[in-house]
2 protein chains.
Amino acid sequence: MAVKLTDVAQKAGVSVTTVSRVINNHGYLSDKTKHKVFTAMKELNYQPNSLARSLQGKKMKLIGLIFPEITNPFFAELIQDIESILFEKGYKIILCNAQRDKEKERAYLKMLLANQVDGIIAGAHNLGIEEYQELGLPIVSFDRKLSENVPIVSCDNYQGIKLAVHDLIQSGCHKIFFLGNKQLKGNPTDQRLKAYLNEAENLNFTPHICSVAFSDSTLLKNITIHEMLQNDHPDGVVCTDDLTAILVLQEARKLGLKVPEDLKVIGFDGTKQIQTYHSELSTIAQPINDIAILLVKLLLQRISDPNKELNKKHYILPVKLIKSLTTA
Amino acid sequence: MAVKLTDVAQKAGVSVTTVSRVINNHGYLSDKTKHKVFTAMKELNYQPNSLARSLQGKKMKLIGLIFPEITNPFFAELIQDIESILFEKGYKIILCNAQRDKEKERAYLKMLLANQVDGIIAGAHNLGIEEYQELGLPIVSFDRKLSENVPIVSCDNYQGIKLAVHDLIQSGCHKIFFLGNKQLKGNPTDQRLKAYLNEAENLNFTPHICSVAFSDSTLLKNITIHEMLQNDHPDGVVCTDDLTAILVLQEARKLGLKVPEDLKVIGFDGTKQIQTYHSELSTIAQPINDIAILLVKLLLQRISDPNKELNKKHYILPVKLIKSLTTA
DNA sequence: AAATTTCTGTCAAACGATTGACATATTTCA
DNA sequence: TGAAATATGTCAATCGTTTGACAGAAATTT
């Protein structure tokens, strides 16, 4: 059985109350007793039972993370950063993999509630707004509108695509395609398509949208991309994520298209991983670490002061164009 | 405040005991009462407090996962698979990112203990054996020897490298380098180097080891790889992971070496991600999903029957050679 | 020496749920 | 009709920890 308060008390030769007082630094305590208790705790390798503590109203120091997947390098890096920052602050994370599955996401929300998490960072894309509203828990969201009183953090999606389009135009492209999700759902990522359409108008080129859903299989995406390249002959493609952009590069290679001479591709996300292992890809880089820092900061703020009005609903962080060395 | 048992009882017009009995299906219960209670639970969106339950000796249904990083696609896919399987069985995971940091790993172990996890799946590489021994918790390990009574799951590391070496020889290579970690620490992955050395002897070629640590930075790895390619002119390289193998491909390209004509490279891991986005890479594929299934199965066995003797200490799963289309 | 401050202990209630003991009511079926 | 089975309720203890009330003891100040 695990070591408990009474064991420590016995070992230190004091009462349980005293041990509890030492741990919580509560009331008068002599250095001698404190020392006795601390050494006893160390010797027994005592860990206070978080569960029992939290029943007393103490914080669990537990945060739920809900993301659609972790194998996507963007989410992996974001999650890793969030985890590191939270660890520094004494929080642990329960990782939830919503997998584009509404039911799973719903089940996860219940579970997080049952486990008394202190708050949730939500980045999944499935559920309607309602379920999040009635949780009564501090929540912050990434790139997703959940409810009026859930702050959103996202990168400057609009500026990102604008940068991408301008870069392609400046590189001499004339037939620029937008490759990504076409559906608008009121989320910040909608700005990507909007930016493309606006810039098409501003810069006077005809918009071409090739629709692939984030959730489409690689196979399906490849077919769509293949058709686009073969039938429509774009000379520039703006993609809404790096992985899809790489598929475009691969299909282009198969078709014997020369990159960047015949075709220029720009991705979106700019993870360290893609930049390291696919440095041939130009991309719009999201400030992943800053996003992580801000998400955590906002969440901890809301945890410590849940009723405070939001000073801001939507935090938009700047993006950066990273040009590939081969395209330069 | 969160809904609790008393609220449900009040709503359903029964006693708390009855509600608890309904939830735990304990004793005699009429369908009518069950129904009343269930509807009350739904209407109030009641979630039993896991913490309070676990104080009663109930399982938390929580598993701690300790891995060195999650941005590596291999770990990302393994973690994702483990998570999915555990979710199906009603378990959640606390994700711990040990980050090659001994202190962080130690802190995590304490934290998992304090949070009353039911068991741990360990894949990190930092700590000495001692700390894991005295946890008094069901543990299973991936690719790592932790203690006599912690079962290990790994792929057939030996066979993997053997397959790789044979393939290179059959493809006509004469100067085959081993690129990976040189230190032997008594872990299953040591078999990779061992297999290489053995096969060098069996197949009569001189072994060349180029040492890069798993934890080296990409920059450092690149320098080492660059020097190896430029100074030693290998015609085949066996890598102990796919990411390093890709670095070799990239450096080779920079040096103007033709792959596979001048140089053949084989990686190790075979993640879906690398296979999708670097299909030019031959690799030894680990059966990630099977590893996940087995890890979970063994852990749950140990949780349900902690004192049962292990029938086996080390489970070795078969690997598969995946040849790239370009090399074929 | 008396008053005050500091320290430690005992005791008990609370957190939310579980569960056994026990009582009582209702139903079932010999 | 009466015994047995079924159904529900009351009450209290328990899990490990926190915390307030209260009581003394020891140390410090006046």
# chains A, B, ... in the order shown; residues from 1 in each chain; ligands from 1
$ residues_around --residues "segment 19-26 of chain D" --least-positions-apart "4" --cutoff "9 Å" --atoms "only C-alpha atoms (C1' of nucleotides)" --output "list in words"
Thr17 of chain A; DT6, DC7, DT8, DG9, DT10 and DC11 of chain C
$ write_last_selection --atoms "N, CA, C and O atoms (P, O5', C5', C4', C3', O3' and C1' of nucleotides)" --output "mmCIF file, in the first residue's frame"
data_model
loop_
_atom_site.group_PDB
_atom_site.id
_atom_site.type_symbol
_atom_site.label_atom_id
_atom_site.label_comp_id
_atom_site.auth_asym_id
_atom_site.auth_seq_id
_atom_site.Cartn_x
_atom_site.Cartn_y
_atom_site.Cartn_z
ATOM 1 N N THR A 17 -1.994 15.932 12.034
ATOM 2 C CA THR A 17 -2.318 17.341 11.825
ATOM 3 C C THR A 17 -1.046 18.139 11.564
ATOM 4 O O THR A 17 -0.998 18.973 10.662
ATOM 5 P P DT C 6 4.321 35.196 17.590
ATOM 6 O "O5'" DT C 6 4.733 33.688 17.924
ATOM 7 C "C5'" DT C 6 6.035 33.443 18.462
ATOM 8 C "C4'" DT C 6 6.157 31.985 18.846
ATOM 9 C "C3'" DT C 6 5.927 30.992 17.704
ATOM 10 O "O3'" DT C 6 7.047 30.135 17.660
ATOM 11 C "C1'" DT C 6 4.730 30.347 19.618
ATOM 12 P P DC C 7 7.239 29.205 16.369
ATOM 13 O "O5'" DC C 7 6.569 27.848 16.860
ATOM 14 C "C5'" DC C 7 7.311 27.039 17.765
ATOM 15 C "C4'" DC C 7 6.397 25.991 18.368
ATOM 16 C "C3'" DC C 7 5.929 24.886 17.413
ATOM 17 O "O3'" DC C 7 6.698 23.722 17.705
ATOM 18 C "C1'" DC C 7 4.286 25.514 19.037
ATOM 19 P P DT C 8 6.614 22.504 16.700
ATOM 20 O "O5'" DT C 8 5.390 21.698 17.304
ATOM 21 C "C5'" DT C 8 5.571 20.949 18.494
ATOM 22 C "C4'" DT C 8 4.243 20.408 18.945
ATOM 23 C "C3'" DT C 8 3.575 19.463 17.947
ATOM 24 O "O3'" DT C 8 3.748 18.132 18.412
ATOM 25 C "C1'" DT C 8 2.039 20.946 19.026
ATOM 26 P P DG C 9 2.992 16.926 17.668
ATOM 27 O "O5'" DG C 9 1.653 16.851 18.523
ATOM 28 C "C5'" DG C 9 1.747 16.725 19.946
ATOM 29 C "C4'" DG C 9 0.343 16.635 20.515
ATOM 30 C "C3'" DG C 9 -0.543 15.698 19.703
ATOM 31 O "O3'" DG C 9 -1.040 14.637 20.504
ATOM 32 C "C1'" DG C 9 -1.604 17.827 20.024
ATOM 33 P P DT C 10 -1.935 13.507 19.831
ATOM 34 O "O5'" DT C 10 -3.409 13.954 20.221
ATOM 35 C "C5'" DT C 10 -3.701 14.340 21.575
ATOM 36 C "C4'" DT C 10 -5.177 14.681 21.684
ATOM 37 C "C3'" DT C 10 -6.104 13.696 20.954
ATOM 38 O "O3'" DT C 10 -7.236 13.424 21.771
ATOM 39 C "C1'" DT C 10 -6.468 15.882 20.154
ATOM 40 P P DC C 11 -8.252 12.275 21.367
ATOM 41 O "O5'" DC C 11 -9.345 13.102 20.556
ATOM 42 C "C5'" DC C 11 -9.907 14.266 21.180
ATOM 43 C "C4'" DC C 11 -10.865 14.947 20.221
ATOM 44 C "C3'" DC C 11 -11.689 13.997 19.338
ATOM 45 O "O3'" DC C 11 -13.050 14.245 19.601
ATOM 46 C "C1'" DC C 11 -10.769 15.787 18.076
#
$ closest_atom_pairs --of "chain D" --to "chain B" --cutoff "8 Å" --atoms "only C-alpha atoms (C1' of nucleotides)" --output "tab-separated table"
residue	atom	partner	partner_atom	distance
D:DT6	C1'	B:Tyr28	CA	6.5
D:DA7	C1'	B:Tyr28	CA	6.1
D:DT8	C1'	B:Thr18	CA	7.2
D:DG9	C1'	B:Ser15	CA	6.8
D:DT14	C1'	B:Gln56	CA	7.4
D:DC15	C1'	B:Leu55	CA	4.4
D:DG16	C1'	B:Leu55	CA	7.4
$ write_last_selection --atoms "C-alpha atoms (C1' of nucleotides)" --output "PDB file, in the first residue's frame"
ATOM      1  C1'  DT D   6     -37.649  -8.389  -3.983  1.00  0.00           C
ATOM      2  C1'  DA D   7     -37.221  -3.507  -3.360  1.00  0.00           C
ATOM      3  C1'  DT D   8     -36.047   0.764  -0.980  1.00  0.00           C
ATOM      4  C1'  DG D   9     -34.666   3.504   2.946  1.00  0.00           C
ATOM      5  C1'  DT D  14     -14.543   4.250   5.148  1.00  0.00           C
ATOM      6  C1'  DC D  15     -11.046   6.098   1.654  1.00  0.00           C
ATOM      7  C1'  DG D  16      -6.727  10.125   2.586  1.00  0.00           C
TER       8       DG D  16
END
$ interface_residues --of "chain A" --to "chain B" --cutoff "9 Å" --atoms "only C-alpha atoms" --output "ChimeraX atom specification"
/A:1-2,45-52,54-55,60,69-77,79-80,83-84,87,92-97,104,108,110-111,113-116,136,218,243,246-247,250,273,276-277
$ atom_distance --atom1 "atom CA of Tyr158 of chain A" --atom2 "atom CA of Ile284 of chain A"
11.0 Å
$ atom_distance --atom1 "atom CA of Ile120 of chain A" --atom2 "atom CA of Ile316 of chain A"
19.5 Å
$ select_by_dssp --residues "segment 61-230 of chain B" --states "alpha helix (DSSP H)" --output "MDAnalysis selection string"
chainID B and resid 73:88 102:114 129:133 157:170 190:202 218:227
$ closest_residue --among "C:DA25, C:DT18, C:DA12, C:DT5" --to "chain B" --atoms "only C-alpha atoms (C1' of nucleotides)"
C:DT18
$ closest_residue --among "B:Val22, B:Ala12, B:Ile322, B:Ile266" --to "chain C" --atoms "only C-alpha atoms (C1' of nucleotides)"
B:Val22
